[in-house]
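Structure, as structure tokens:
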Amino acid sequence: MSAGQPFKISVSDDKIDLLRRKLDLCVFPDELEDSGTSYGAPLADMRRLVDYWRSGFDWRAQEAALNVELAQFTRDIEVTGFGTLNIHYVHQKSKAVNAIPLLFVHGWPGNFLEVRKILPLLTAAAPDHPSFHVVALSLPGYGFSQAPSKKGFRAAQYAEVAHKLMVALGYNEYVTQGGDWGSLITRVMAVKYGGKHVKAWHTNMPMGYPPPITRPVAYLKYLVTPYTAAEKARTQLSQQFEQQGMGYYREQATQPQTLGYSLADSPVGLLGWIYEKLLGWTDKYPWTDDEVLTWVSIYLFSRAGPTASIRIYYEAFQGGDWQHFIRQRPSIPMGISVFPADHSNRPLSWYTSNGNLVFCNAAHTKGGHFAAWETPDALSKDLHEMFGKGGPAFAIVPGKAGYD
Amino acid sequence: MSTEQPFKISVSEDKIDLLRRKLDLCVFPDELEDSGTSYGAPLADIRRLVDYWKTGFDWRAQEAALNAELPQFTRDIEVAGFETLNIHYVHQTSQAVGAIPLLFVHGWPGSFLEVRKILPLLTAVSPEHPSFHVVAMSLPGFGFSQAPSKKGFRIAQYAEVGHKLMLALGYNEYVTQGGDWGSLITRMMALQYGGKHVKAWHTNMPLGIPPPVTRPVSYLKWLVTPYTAAEKVGAQRFSLFDKQGRGYFIEQGTQPQTLGYSLADSPVGLLGWIYEKLLSWTDKYPWTDDEVLSWISIYLFSRAGPTASVRIYYETYQSGDWQHLQAQRPSIPMGISVFPAEIEIRPLSWYKTSGNLIFSNTSHTKGGHFAAWETPDVLVKDLHKMFGKGGPAFSVVPGKTGYESPQAQ
């Protein structure tokens with residue numbers, strides 16, 4: 001069990017050279033006329049991105065910037081039944097000594113990079129909002145974290161890694177923020193470690209189900225309360241996602257190795273697979289080519305390779321993790337931020353069934369799935385409100401209210 | 001409009017060289033310990049296949065063998081509302097002048113190659129069984145057929161191409177045999193051109209829906225008749241396929257272009273994507289590496305590229321054709337052969353709901369999805385029984401019973 005080792009991203013020249021050589025041999029498919037984005041990632045975008053990848057994109061410059069902005073480390077974390085995994089993480093303390101320890105958990109196709117914009121906002125010390133010590137891990141199999149080598153590494157294992165990391169860093173009591181897989185993982189953490197360790201949790205991708213008849217007041221209220229216009233719009237988007245957007249999920253949850261040959265061998269294949277989500281899951285976010293290629297590079301150059309990252313779908317789906325943990329109701333305070341273009345929005349009444357909802361902002365008029373990336377100010381503001389003076393989770397971590 | 005041109009497969013040196021250079025840079029993922037086939041195509045198989053692809057597999061030899069065995073042609077076929085498509089096909093007539101014209105329609109990840117083993121069996125002349133003139137086309141976007149460039153090329157369009165090809169070859173009346181997409185396409189042909197042109201159809205992947213309440217006798221019978229043991233096993237297998245095996249279907253049906261970047265750029269990605277099906281959709285068929293790599297090569301070296309081939313899923317899924325066509329009941333005689341390792345299996349009563357069932361063999365104890373490849377003798381035997389003397393579809397094409405002797409020299 002090692003102590004934290006400082007870490008700087010330093011992709012080998014071999015990997016960069018191999019990428020260049022593969023891009024030189026890149027073969028594009030054709031595209032049907034006027035297909036827009038209906039058939040998947042559009043060819044014109046892909047051609048432009050690959051051109052830039054070959055001739056303009058400067059990975060070393062991106063790498064250097066990341067190393068400057070994000071204080072990174074690695075340390076070994078033991079996982080029951082799976083041995084020791086070397087975990088990569090960002091750790092930035094606030095100047096405020098009693099800042100609230102917060103663990104940020106990404107998902108797929110996200111990564112530790114998603115903390116980049118909110119990091120300075122969360123750690124800033126000011127009298128008018130709370131501040132946080134922030135830890136953003138790379139999930140096992142993502143970024144520069146080691147991947148498990150055995151089958152069965154499920155949501156509970158990811159939660160175990162994340163929790164043990166916080167404890168190892170001296171944060172015995174902390175809060176969490178998560179979206180995508182981070183939503184499920186922090187839910188599991190709230191269930192398993194909530195109360196004693198996790199004091200409150202916030203998610204920008206809440207998952208819920210209709211109030212059951214066994215909770216008659218909520219159930220009746222659900223029956224008689226019409227959905228708001230915003231709820232209807234969000235529900236429509238989610239239905240569209242179910243019909244049109246779940247192919248990647250079905251494949252990753254059932255045949256990840258099959259897909260994995262493509263993701264490992266073809267940078268442009270990996271780019272297409274991820275870029276389609278960057279487009280489809282955001283609210284017209286104006287991705288720059290640098291942003292897209294840096295994001296995809298984290299997968300391409302990841303320690304375990306991109307195939308490792310999709311196995312979480314298989315293990316959680318086959319193990320029934322979503323179904324099981326969605327039915328749990330962690331007792332610790334929960335906060336949610338709902339963004340209109342996220343793909344899994346449900347009516348608000350569904351979120352009271354499985355969480356102790358103390359904070360809810362569903363009034364956002366813009367933003368999508370990658371809240372920390374698209375609307376970092378809005379997300380930080382919600383966290384400030386939830387955890388700040390007068391907020392419903394103020395001083396939830398004893399002695400660490402976030403104000404000095 | 002080009003008329004029939006003889007065709008020989010002749011992949012350019014450039015393409016073969018590019019393949020070699022890509023294989024030299026091939027990067028494999030790792031694999032979880034003891035994952036077997038549960039997570040997808042197994043790494044050991046893929047590594048072995050790629051090694052052989054790099055050092056041993058001789059595409060030119062395969063190409064030459066195919067050109068020797070399969071007489072191939074191309075011709076232009078006009079498709080209403082779309083451009084004229086240049087279609088590649090195998091056409092082998094039997095020595096028996098009165099042989100039954102039969103169109104063989106493949107699916108995905110199949111190809112015209114699937115006719116290879118049954119071709120000599122179907123065209124053979126014998127007093128014991130009927131013989132056939134066989135046409136096996138490459139569907140638009142597959143093999144060496146051109147692909148449509150516009151959106152909306154649906155099952156009706158594939159059916160139109162199949163039908164017009166038969167007419168162009170002088171087969172005004174004919175029968176069809178199809179599996180996978182071939183099942184749905186020949187179903188559409190039976191609906192659109194049945195009676196006048198298509199006289200009977202046979203499929204090894206029959207589809208169907210439960211008897212509707214509007215057909216009360218069948219409906220009640222279905223309600224009260226327990227499924228046979230084989231039907232129960234089939235239902236379980238179908239349910240497993242639905243849960244574990246439909247990822248490719250949903251992705252291809254919703255985001256084919258996204259997947260397409262991988263299929264176009266990575267030979268090993270394409271290999272993995274297809275090989276997984278060759279394994280799981282067959283009944284422990286002992287694929288040789290040559291068979292697998294030839295099969296994949298048809299996709300890799302296809303005229304339109306592999307991405308074009310998956311768009312049939314999108315057009316069919318988005319339009320609702322998948323469900324809609326299964327609920328139809330063509331009136332012409334239908335024959336089915338059901339193999340135990342098939343993926344899309346329904347109870348027999350459902351097949352009867354969706355077709356005029358006059359021949360069925362559901363007693364096969366081995367075989368899977370690619371019937372013409374795995375169990376060619378068995379499939380042909382079923383066709384002989386269906387179309388032969390004493391069979392339920394005997395002489396269904398007037399004047400072409402399949403038994404006329406060859407012309408005297």
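Ordering of the structure tokens sets the chain letters (A, B, ...); residue numbers start at 1 within each chain; ligands are numbered from 1 in the order shown.
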Could I get the residues of chain A with an atom no further than 6 Å from an atom of chain B, each paired with its nearest atom pair and that distance in Å to one decimal, using only C-alpha atoms, sorted by chain and residue number, as CSV?
residue,atom,partner,partner_atom,distance
A:Cys26,CA,B:Asp265,CA,5.9
A:Val27,CA,B:Asp265,CA,4.8
A:Phe28,CA,B:Ala264,CA,6.0
A:Pro29,CA,B:Ala264,CA,5.5
A:Leu32,CA,B:Ser149,CA,5.1
A:Glu33,CA,B:Lys150,CA,5.4
A:Tyr39,CA,B:Gln255,CA,4.8
A:Gly40,CA,B:Gln255,CA,4.5
A:Ala41,CA,B:Thr258,CA,5.2
A:Ser149,CA,B:Leu32,CA,5.1
A:Lys150,CA,B:Leu32,CA,5.3
A:Gln244,CA,B:Thr254,CA,5.3
A:Gly247,CA,B:Glu251,CA,3.9
A:Arg250,CA,B:Gly247,CA,4.5
A:Glu251,CA,B:Gly247,CA,3.9
A:Thr254,CA,B:Gln244,CA,5.3
A:Gln255,CA,B:Gly40,CA,4.4
A:Pro256,CA,B:Tyr39,CA,5.7
A:Gln257,CA,B:Gly40,CA,4.7
A:Thr258,CA,B:Gly40,CA,4.6
A:Tyr261,CA,B:Gly269,CA,4.8
A:Ser262,CA,B:Gly269,CA,3.9
A:Ala264,CA,B:Pro29,CA,5.5
A:Asp265,CA,B:Val27,CA,4.8
A:Ser266,CA,B:Ser266,CA,5.6
A:Gly269,CA,B:Ser262,CA,3.9
A:Gly272,CA,B:Thr258,CA,5.4
A:Trp273,CA,B:Thr258,CA,5.8
Would you kindly return, as a JSON list (two decimals) with all heavy atoms, in the first residue's frame, each protein, DNA or RNA residue with an atom no farther than 10 Å from any atom of segment 335-337 of chain B, considering only C-alpha atoms and excluding same-chain residues fewer than 5 positions away?
[["chain", "number", "residue", "atom", "x", "y", "z"],
["B", 177, "GLN", "N", -35.17, -18.54, -51.72],
["B", 177, "GLN", "CA", -34.69, -19.13, -50.46],
["B", 177, "GLN", "C", -33.90, -18.05, -49.75],
["B", 177, "GLN", "O", -33.00, -17.42, -50.33],
["B", 177, "GLN", "CB", -33.78, -20.35, -50.73],
["B", 177, "GLN", "CG", -33.66, -21.31, -49.54],
["B", 177, "GLN", "CD", -32.92, -20.75, -48.33],
["B", 177, "GLN", "OE1", -31.91, -20.06, -48.47],
["B", 177, "GLN", "NE2", -33.40, -21.06, -47.14],
["B", 178, "GLY", "N", -34.24, -17.80, -48.48],
["B", 178, "GLY", "CA", -33.53, -16.75, -47.76],
["B", 178, "GLY", "C", -33.47, -16.98, -46.27],
["B", 178, "GLY", "O", -34.35, -17.61, -45.67],
["B", 179, "GLY", "N", -32.38, -16.46, -45.67],
["B", 179, "GLY", "CA", -32.22, -16.47, -44.22],
["B", 179, "GLY", "C", -31.76, -15.10, -43.79],
["B", 179, "GLY", "O", -31.32, -14.29, -44.62],
["B", 200, "ALA", "N", -43.39, -19.56, -54.76],
["B", 200, "ALA", "CA", -43.27, -20.16, -53.42],
["B", 200, "ALA", "C", -41.99, -19.61, -52.83],
["B", 200, "ALA", "O", -41.10, -19.15, -53.54],
["B", 200, "ALA", "CB", -43.22, -21.68, -53.51],
["B", 201, "TRP", "N", -41.94, -19.67, -51.50],
["B", 201, "TRP", "CA", -40.72, -19.19, -50.85],
["B", 201, "TRP", "C", -40.35, -20.09, -49.69],
["B", 201, "TRP", "O", -41.23, -20.65, -49.02],
["B", 201, "TRP", "CB", -40.86, -17.73, -50.42],
["B", 201, "TRP", "CG", -41.91, -17.42, -49.38],
["B", 201, "TRP", "CD1", -43.25, -17.70, -49.44],
["B", 201, "TRP", "CD2", -41.70, -16.73, -48.15],
["B", 201, "TRP", "NE1", -43.89, -17.22, -48.33],
["B", 201, "TRP", "CE2", -42.96, -16.62, -47.51],
["B", 201, "TRP", "CE3", -40.57, -16.19, -47.53],
["B", 201, "TRP", "CZ2", -43.12, -16.00, -46.26],
["B", 201, "TRP", "CZ3", -40.74, -15.57, -46.29],
["B", 201, "TRP", "CH2", -42.00, -15.48, -45.67],
["B", 202, "HIS", "N", -39.02, -20.23, -49.50],
["B", 202, "HIS", "CA", -38.52, -21.04, -48.40],
["B", 202, "HIS", "C", -37.56, -20.20, -47.57],
["B", 202, "HIS", "O", -36.75, -19.44, -48.10],
["B", 202, "HIS", "CB", -37.79, -22.28, -48.92],
["B", 202, "HIS", "CG", -37.18, -23.11, -47.82],
["B", 202, "HIS", "ND1", -35.97, -22.78, -47.22],
["B", 202, "HIS", "CD2", -37.62, -24.22, -47.18],
["B", 202, "HIS", "CE1", -35.69, -23.67, -46.26],
["B", 202, "HIS", "NE2", -36.68, -24.53, -46.22],
["B", 203, "THR", "N", -37.67, -20.33, -46.26],
["B", 203, "THR", "CA", -36.74, -19.61, -45.40],
["B", 203, "THR", "C", -36.24, -20.49, -44.26],
["B", 203, "THR", "O", -36.98, -21.34, -43.75],
["B", 203, "THR", "CB", -37.36, -18.31, -44.85],
["B", 203, "THR", "OG1", -36.43, -17.72, -43.91],
["B", 203, "THR", "CG2", -38.67, -18.58, -44.13],
["B", 204, "ASN", "N", -34.98, -20.32, -43.90],
["B", 204, "ASN", "CA", -34.42, -21.02, -42.75],
["B", 204, "ASN", "C", -34.40, -20.11, -41.50],
["B", 204, "ASN", "O", -33.88, -20.51, -40.47],
["B", 204, "ASN", "CB", -33.01, -21.56, -43.04],
["B", 204, "ASN", "CG", -32.09, -20.48, -43.58],
["B", 204, "ASN", "OD1", -32.29, -19.99, -44.72],
["B", 204, "ASN", "ND2", -31.10, -20.10, -42.82],
["B", 205, "MET", "N", -34.95, -18.91, -41.65],
["B", 205, "MET", "CA", -35.13, -18.08, -40.46],
["B", 205, "MET", "C", -36.54, -17.48, -40.52],
["B", 205, "MET", "O", -36.72, -16.29, -40.74],
["B", 205, "MET", "CB", -34.10, -16.95, -40.35],
["B", 205, "MET", "CG", -34.08, -16.35, -38.95],
["B", 205, "MET", "SD", -32.98, -14.91, -38.73],
["B", 205, "MET", "CE", -34.06, -13.55, -39.22],
["B", 206, "PRO", "N", -37.53, -18.35, -40.39],
["B", 206, "PRO", "CA", -38.89, -17.82, -40.46],
["B", 206, "PRO", "C", -39.14, -16.88, -39.29],
["B", 206, "PRO", "O", -38.55, -17.02, -38.22],
["B", 206, "PRO", "CB", -39.77, -19.07, -40.36],
["B", 206, "PRO", "CG", -38.93, -20.10, -39.72],
["B", 206, "PRO", "CD", -37.51, -19.79, -40.11],
["B", 207, "LEU", "N", -39.99, -15.91, -39.55],
["B", 207, "LEU", "CA", -40.37, -14.95, -38.52],
["B", 207, "LEU", "C", -41.87, -15.06, -38.35],
["B", 207, "LEU", "O", -42.54, -15.78, -39.08],
["B", 207, "LEU", "CB", -39.97, -13.54, -38.97],
["B", 207, "LEU", "CG", -38.47, -13.36, -39.20],
["B", 207, "LEU", "CD1", -38.21, -12.09, -40.01],
["B", 207, "LEU", "CD2", -37.73, -13.31, -37.88],
["B", 351, "TYR", "N", -45.37, -19.10, -36.94],
["B", 351, "TYR", "CA", -44.98, -19.19, -38.35],
["B", 351, "TYR", "C", -46.23, -19.36, -39.21],
["B", 351, "TYR", "O", -46.34, -18.80, -40.30],
["B", 351, "TYR", "CB", -44.04, -20.37, -38.59],
["B", 351, "TYR", "CG", -42.73, -20.31, -37.83],
["B", 351, "TYR", "CD1", -42.15, -21.48, -37.31],
["B", 351, "TYR", "CD2", -42.06, -19.11, -37.63],
["B", 351, "TYR", "CE1", -40.95, -21.44, -36.63],
["B", 351, "TYR", "CE2", -40.86, -19.06, -36.94],
["B", 351, "TYR", "CZ", -40.31, -20.22, -36.44],
["B", 351, "TYR", "OH", -39.12, -20.18, -35.75],
["B", 355, "GLY", "N", -47.58, -16.93, -42.47],
["B", 355, "GLY", "CA", -47.27, -17.50, -43.78],
["B", 355, "GLY", "C", -48.18, -18.67, -44.09],
["B", 355, "GLY", "O", -48.75, -19.29, -43.19],
["B", 356, "ASN", "N", -48.29, -18.96, -45.38],
["B", 356, "ASN", "CA", -49.11, -20.08, -45.85],
["B", 356, "ASN", "C", -48.21, -21.32, -45.80],
["B", 356, "ASN", "O", -47.66, -21.75, -46.81],
["B", 356, "ASN", "CB", -49.60, -19.78, -47.27],
["B", 356, "ASN", "CG", -50.33, -20.95, -47.88],
["B", 356, "ASN", "OD1", -50.70, -21.91, -47.18],
["B", 356, "ASN", "ND2", -50.53, -20.91, -49.18],
["B", 357, "LEU", "N", -48.09, -21.90, -44.63],
["B", 357, "LEU", "CA", -47.10, -22.94, -44.38],
["B", 357, "LEU", "C", -47.51, -24.27, -45.01],
["B", 357, "LEU", "O", -48.49, -24.88, -44.59],
["B", 357, "LEU", "CB", -46.92, -23.11, -42.86],
["B", 357, "LEU", "CG", -45.74, -23.97, -42.42],
["B", 357, "LEU", "CD1", -44.43, -23.35, -42.84],
["B", 357, "LEU", "CD2", -45.77, -24.14, -40.90],
["B", 358, "ILE", "N", -46.74, -24.68, -46.03],
["B", 358, "ILE", "CA", -47.05, -25.98, -46.66],
["B", 358, "ILE", "C", -45.90, -26.96, -46.47],
["B", 358, "ILE", "O", -46.03, -28.14, -46.78],
["B", 358, "ILE", "CB", -47.39, -25.81, -48.16],
["B", 358, "ILE", "CG1", -46.30, -24.97, -48.87],
["B", 358, "ILE", "CG2", -48.72, -25.13, -48.34],
["B", 358, "ILE", "CD1", -45.20, -25.73, -49.55],
["B", 359, "PHE", "N", -44.77, -26.49, -46.00],
["B", 359, "PHE", "CA", -43.66, -27.39, -45.72],
["B", 359, "PHE", "C", -42.93, -26.88, -44.49],
["B", 359, "PHE", "O", -42.60, -25.69, -44.41],
["B", 359, "PHE", "CB", -42.68, -27.44, -46.89],
["B", 359, "PHE", "CG", -41.42, -28.21, -46.57],
["B", 359, "PHE", "CD1", -41.38, -29.59, -46.72],
["B", 359, "PHE", "CD2", -40.29, -27.57, -46.06],
["B", 359, "PHE", "CE1", -40.24, -30.32, -46.39],
["B", 359, "PHE", "CE2", -39.14, -28.29, -45.74],
["B", 359, "PHE", "CZ", -39.12, -29.66, -45.90],
["B", 360, "SER", "N", -42.69, -27.79, -43.55],
["B", 360, "SER", "CA", -41.87, -27.36, -42.42],
["B", 360, "SER", "C", -41.05, -28.53, -41.92],
["B", 360, "SER", "O", -41.54, -29.65, -41.82],
["B", 360, "SER", "CB", -42.74, -26.77, -41.32],
["B", 360, "SER", "OG", -43.23, -27.77, -40.48],
["B", 361, "ASN", "N", -39.81, -28.25, -41.66],
["B", 361, "ASN", "CA", -38.96, -29.22, -40.99],
["B", 361, "ASN", "C", -38.40, -28.55, -39.75],
["B", 361, "ASN", "O", -37.48, -27.73, -39.82],
["B", 361, "ASN", "CB", -37.84, -29.71, -41.90],
["B", 361, "ASN", "CG", -37.12, -30.91, -41.28],
["B", 361, "ASN", "OD1", -37.20, -31.13, -40.07],
["B", 361, "ASN", "ND2", -36.42, -31.67, -42.10],
["B", 362, "THR", "N", -39.02, -28.89, -38.62],
["B", 362, "THR", "CA", -38.55, -28.33, -37.35],
["B", 362, "THR", "C", -37.89, -29.41, -36.51],
["B", 362, "THR", "O", -37.72, -29.25, -35.30],
["B", 362, "THR", "CB", -39.74, -27.74, -36.56],
["B", 362, "THR", "OG1", -40.73, -28.77, -36.39],
["B", 362, "THR", "CG2", -40.36, -26.57, -37.29],
["B", 363, "SER", "N", -37.51, -30.52, -37.17],
["B", 363, "SER", "CA", -36.91, -31.61, -36.39],
["B", 363, "SER", "C", -35.41, -31.66, -36.46],
["B", 363, "SER", "O", -34.80, -32.61, -36.00],
["B", 363, "SER", "CB", -37.41, -32.98, -36.85],
["B", 363, "SER", "OG", -38.62, -32.86, -37.47],
["B", 364, "HIS", "N", -34.81, -30.66, -37.08],
["B", 364, "HIS", "CA", -33.35, -30.69, -37.17],
["B", 364, "HIS", "C", -32.74, -30.68, -35.79],
["B", 364, "HIS", "O", -33.13, -29.89, -34.93],
["B", 364, "HIS", "CB", -32.85, -29.49, -37.98],
["B", 364, "HIS", "CG", -33.22, -29.57, -39.42],
["B", 364, "HIS", "ND1", -32.79, -30.58, -40.25],
["B", 364, "HIS", "CD2", -34.00, -28.76, -40.19],
["B", 364, "HIS", "CE1", -33.27, -30.39, -41.47],
["B", 364, "HIS", "NE2", -34.02, -29.30, -41.46],
["B", 371, "ALA", "N", -27.50, -21.72, -42.37],
["B", 371, "ALA", "CA", -27.85, -23.10, -42.76],
["B", 371, "ALA", "C", -27.12, -23.55, -44.02],
["B", 371, "ALA", "O", -26.63, -24.67, -44.09],
["B", 371, "ALA", "CB", -29.36, -23.21, -42.93],
["B", 378, "VAL", "N", -28.39, -30.84, -45.60],
["B", 378, "VAL", "CA", -29.67, -30.88, -44.91],
["B", 378, "VAL", "C", -30.62, -29.84, -45.48],
["B", 378, "VAL", "O", -31.80, -30.11, -45.70],
["B", 378, "VAL", "CB", -29.41, -30.67, -43.40],
["B", 378, "VAL", "CG1", -30.65, -30.32, -42.68],
["B", 378, "VAL", "CG2", -28.75, -31.91, -42.83],
["B", 379, "LEU", "N", -30.10, -28.66, -45.72],
["B", 379, "LEU", "CA", -30.95, -27.59, -46.26],
["B", 379, "LEU", "C", -31.45, -27.98, -47.65],
["B", 379, "LEU", "O", -32.63, -27.84, -47.96],
["B", 379, "LEU", "CB", -30.18, -26.27, -46.32],
["B", 379, "LEU", "CG", -30.96, -25.10, -46.93],
["B", 379, "LEU", "CD1", -32.15, -24.72, -46.04],
["B", 379, "LEU", "CD2", -30.04, -23.88, -47.13],
["B", 382, "ASP", "N", -34.17, -30.51, -47.60],
["B", 382, "ASP", "CA", -35.47, -29.90, -47.33],
["B", 382, "ASP", "C", -36.05, -29.27, -48.60],
["B", 382, "ASP", "O", -37.24, -29.40, -48.88],
["B", 382, "ASP", "CB", -35.35, -28.84, -46.23],
["B", 382, "ASP", "CG", -35.36, -29.44, -44.82],
["B", 382, "ASP", "OD1", -35.54, -30.67, -44.69],
["B", 382, "ASP", "OD2", -35.17, -28.68, -43.85],
["B", 383, "LEU", "N", -35.20, -28.60, -49.37],
["B", 383, "LEU", "CA", -35.68, -27.98, -50.60],
["B", 383, "LEU", "C", -36.13, -29.06, -51.59],
["B", 383, "LEU", "O", -37.14, -28.91, -52.28],
["B", 383, "LEU", "CB", -34.60, -27.08, -51.21],
["B", 383, "LEU", "CG", -34.30, -25.82, -50.39],
["B", 383, "LEU", "CD1", -33.06, -25.11, -50.90],
["B", 383, "LEU", "CD2", -35.49, -24.86, -50.39],
["B", 386, "MET", "N", -39.50, -30.24, -50.44],
["B", 386, "MET", "CA", -40.55, -29.23, -50.65],
["B", 386, "MET", "C", -40.94, -29.15, -52.11],
["B", 386, "MET", "O", -42.12, -29.07, -52.44],
["B", 386, "MET", "CB", -40.06, -27.87, -50.14],
["B", 386, "MET", "CG", -41.02, -26.71, -50.36],
["B", 386, "MET", "SD", -40.38, -25.19, -49.59],
["B", 386, "MET", "CE", -41.53, -23.96, -50.26],
["B", 387, "PHE", "N", -39.94, -29.15, -52.98],
["B", 387, "PHE", "CA", -40.20, -28.88, -54.39],
["B", 387, "PHE", "C", -40.23, -30.13, -55.26],
["B", 387, "PHE", "O", -40.59, -30.06, -56.44],
["B", 387, "PHE", "CB", -39.14, -27.90, -54.93],
["B", 387, "PHE", "CG", -39.28, -26.50, -54.40],
["B", 387, "PHE", "CD1", -38.44, -26.04, -53.40],
["B", 387, "PHE", "CD2", -40.26, -25.66, -54.89],
["B", 387, "PHE", "CE1", -38.58, -24.74, -52.90],
["B", 387, "PHE", "CE2", -40.40, -24.35, -54.41],
["B", 387, "PHE", "CZ", -39.56, -23.89, -53.41],
["B", 392, "PRO", "N", -45.06, -30.72, -51.40],
["B", 392, "PRO", "CA", -46.17, -29.75, -51.37],
["B", 392, "PRO", "C", -46.00, -28.57, -52.32],
["B", 392, "PRO", "O", -46.99, -27.90, -52.63],
["B", 392, "PRO", "CB", -46.17, -29.25, -49.91],
["B", 392, "PRO", "CG", -44.78, -29.51, -49.41],
["B", 392, "PRO", "CD", -44.27, -30.70, -50.13],
["B", 393, "ALA", "N", -44.80, -28.34, -52.84],
["B", 393, "ALA", "CA", -44.63, -27.24, -53.78],
["B", 393, "ALA", "C", -44.16, -27.77, -55.14],
["B", 393, "ALA", "O", -43.60, -27.02, -55.94],
["B", 393, "ALA", "CB", -43.64, -26.22, -53.24]]
| query | When DSSP works through the backbone of this structure, what residues of segment 158-338 of chain B end up as helix (DSSP H, G or I), shown as a PyMOL selection string? | reply | chain B and resi 158-168+181-193+216-224+229-244+247-254+256-265+267-280+289-300+306-309+311-319+321-326
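Of the residues in segment 178-362 of chain B, those that DSSP places in strand (DSSP E or B) on the basis of the backbone are Gly178, Gly194, Val198, Lys199, Ala200, Trp201, His202, Thr203, Pro333, Met334, Gly335, Ile336, Ser337, Asn356, Leu357, Ile358, Phe359, Ser360 and Asn361 of chain B.
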Atoms kept (N, CA, C and O atoms) for selection, written as a short mmCIF file (atom, residue, chain, number, x, y, z; two decimals), in the first residue's frame:
data_model
loop_
_atom_site.label_atom_id
_atom_site.label_comp_id
_atom_site.auth_asym_id
_atom_site.auth_seq_id
_atom_site.Cartn_x
_atom_site.Cartn_y
_atom_site.Cartn_z
N GLY B 178 -34.24 -17.80 -48.48
CA GLY B 178 -33.53 -16.75 -47.76
C GLY B 178 -33.47 -16.98 -46.27
O GLY B 178 -34.35 -17.61 -45.67
N GLY B 194 -45.66 -11.98 -55.17
CA GLY B 194 -46.11 -13.35 -55.03
C GLY B 194 -47.35 -13.62 -55.85
O GLY B 194 -48.20 -12.75 -56.02
N VAL B 198 -43.32 -14.60 -57.90
CA VAL B 198 -42.79 -15.54 -56.89
C VAL B 198 -43.87 -16.58 -56.63
O VAL B 198 -45.00 -16.23 -56.26
N LYS B 199 -43.51 -17.82 -56.85
CA LYS B 199 -44.52 -18.89 -56.76
C LYS B 199 -44.52 -19.59 -55.40
O LYS B 199 -45.55 -20.15 -55.00
N ALA B 200 -43.39 -19.56 -54.76
CA ALA B 200 -43.27 -20.16 -53.42
C ALA B 200 -41.99 -19.61 -52.83
O ALA B 200 -41.10 -19.15 -53.54
N TRP B 201 -41.94 -19.67 -51.50
CA TRP B 201 -40.72 -19.19 -50.85
C TRP B 201 -40.35 -20.09 -49.69
O TRP B 201 -41.23 -20.65 -49.02
N HIS B 202 -39.02 -20.23 -49.50
CA HIS B 202 -38.52 -21.04 -48.40
C HIS B 202 -37.56 -20.20 -47.57
O HIS B 202 -36.75 -19.44 -48.10
N THR B 203 -37.67 -20.33 -46.26
CA THR B 203 -36.74 -19.61 -45.40
C THR B 203 -36.24 -20.49 -44.26
O THR B 203 -36.98 -21.34 -43.75
N PRO B 333 -47.34 -20.34 -51.26
CA PRO B 333 -46.84 -21.41 -50.40
C PRO B 333 -45.49 -21.07 -49.78
O PRO B 333 -44.59 -20.56 -50.46
N MET B 334 -45.38 -21.37 -48.48
CA MET B 334 -44.16 -21.10 -47.75
C MET B 334 -43.60 -22.38 -47.15
O MET B 334 -44.36 -23.20 -46.63
N GLY B 335 -42.27 -22.52 -47.23
CA GLY B 335 -41.62 -23.65 -46.58
C GLY B 335 -40.62 -23.12 -45.58
O GLY B 335 -40.02 -22.06 -45.79
N ILE B 336 -40.45 -23.84 -44.47
CA ILE B 336 -39.47 -23.40 -43.48
C ILE B 336 -38.61 -24.57 -43.02
O ILE B 336 -39.07 -25.71 -42.98
N SER B 337 -37.38 -24.25 -42.71
CA SER B 337 -36.48 -25.19 -42.05
C SER B 337 -35.98 -24.49 -40.80
O SER B 337 -35.44 -23.38 -40.90
N ASN B 356 -48.29 -18.96 -45.38
CA ASN B 356 -49.11 -20.08 -45.85
C ASN B 356 -48.21 -21.32 -45.80
O ASN B 356 -47.66 -21.75 -46.81
N LEU B 357 -48.09 -21.90 -44.63
CA LEU B 357 -47.10 -22.94 -44.38
C LEU B 357 -47.51 -24.27 -45.01
O LEU B 357 -48.49 -24.88 -44.59
N ILE B 358 -46.74 -24.68 -46.03
CA ILE B 358 -47.05 -25.98 -46.66
C ILE B 358 -45.90 -26.96 -46.47
O ILE B 358 -46.03 -28.14 -46.78
N PHE B 359 -44.77 -26.49 -46.00
CA PHE B 359 -43.66 -27.39 -45.72
C PHE B 359 -42.93 -26.88 -44.49
O PHE B 359 -42.60 -25.69 -44.41
N SER B 360 -42.69 -27.79 -43.55
CA SER B 360 -41.87 -27.36 -42.42
C SER B 360 -41.05 -28.53 -41.92
O SER B 360 -41.54 -29.65 -41.82
N ASN B 361 -39.81 -28.25 -41.66
CA ASN B 361 -38.96 -29.22 -40.99
C ASN B 361 -38.40 -28.55 -39.75
O ASN B 361 -37.48 -27.73 -39.82
#
| request: Extract, using only C-alpha atoms, all DNA, RNA and protein residues at most 12 Å from Gly195 of chain A, discarding same-chain residues fewer than 2 positions from it, and format them as a ChimeraX atom specification. | output: /A:172-175,189-193,197-201,330-334,396-398
